[in-house]
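Structure first, then comments.
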Amino acid sequence: MGVTSLFFAFIMSWINGNLKSEDDHVIIFYRIDNSVEILVNDSIVYESGIIHNNPSLGDTYKIPLGIYLTDAQDEVIIRVYNGVPPYEEQNDTHWEIKYSIFNGDERIDYFWDYSDDNEIGLVFEERYFF
């Protein structure tokens with residue numbers, strides 16, 4: 001094995017050793033009204049787009065987080081927006097968010113919140129550290 005091959009193998013094993021498995025942490029959204037975004041270490045890694053009429057989502061919105069996490073402590077932020085952009089005056093009285101976070105097969109959080117306060121724009125934000 002040449003020096004270049006050894007160096008490449010070392011770099012790949014270092015990278016793999018410093019990243020969490022992409023299967024480790026997953027978020028499953030059961031309800032999103034109207035949209036959600038996920039940030040990891042201040043970078044947007046997921047945007048749901050607008051979801052109207054608050055449907056039951058089953059597990060169709062299963063978002064892997066492990067591909068964005070490192071061995072260091074990572075900050076994950078979940079944000080919910082009500083209405084549609086631009087978030088100016090509009091009639092959208094209700095918002096809702098319901099999700100679980102899993103680490104492998106273990107559910108580490110279940111969250112559900114909603115309101116009919118007629119707020120528009122950013123209405124919810126939750127922070128996690130992994």
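How things are named: the first chain in the structure tokens is A, the next is B, and so on; residues count from 1 in each chain; ligands count from 1 in the order shown.
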**Message:** Need to verify the contact set: Gln73 of chain A, 9 Å, only C-alpha atoms, exclusion of same-chain residues closer than 3 positions in sequence. Can you return it as a PyMOL selection string?
**Reply:** chain A and resi 69-70+129-130
- Nearby residues (only C-alpha atoms) at most 7 Å from segment 38-48 of chain A, same-chain spacing under 3 positions excluded, as a PyMOL selection string: chain A and resi 35+68+74-79
Using only C-alpha atoms, the best pick from A:Ile32, A:Gly66, A:Gly58, A:Tyr87 as closest to Asp113 of chain A would be A:Ile32
At a cut-off of 7 Å, using only C-alpha atoms, what residues contact Ile120 of chain A? Leave out same-chain residues fewer than 3 positions from it and give the result as an NGL selection string. :A and (82-83 or 87 or 123)
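Take atom CA of Asp59 of chain A and atom CA of Val26 of chain A: the distance between them is 11.1 Å.
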Next item on the list: Check the DSSP output for the backbone and give back, as a list in words, the residues of chain A in helix (DSSP H, G or I).
Entry: Val3, Thr4, Ser5, Leu6, Phe7, Phe8, Ala9, Phe10, Ile11, Met12, Ser13, Trp14, Ile15, Asn16, Gly17, Gly66, Ile67 and Tyr68 of chain A
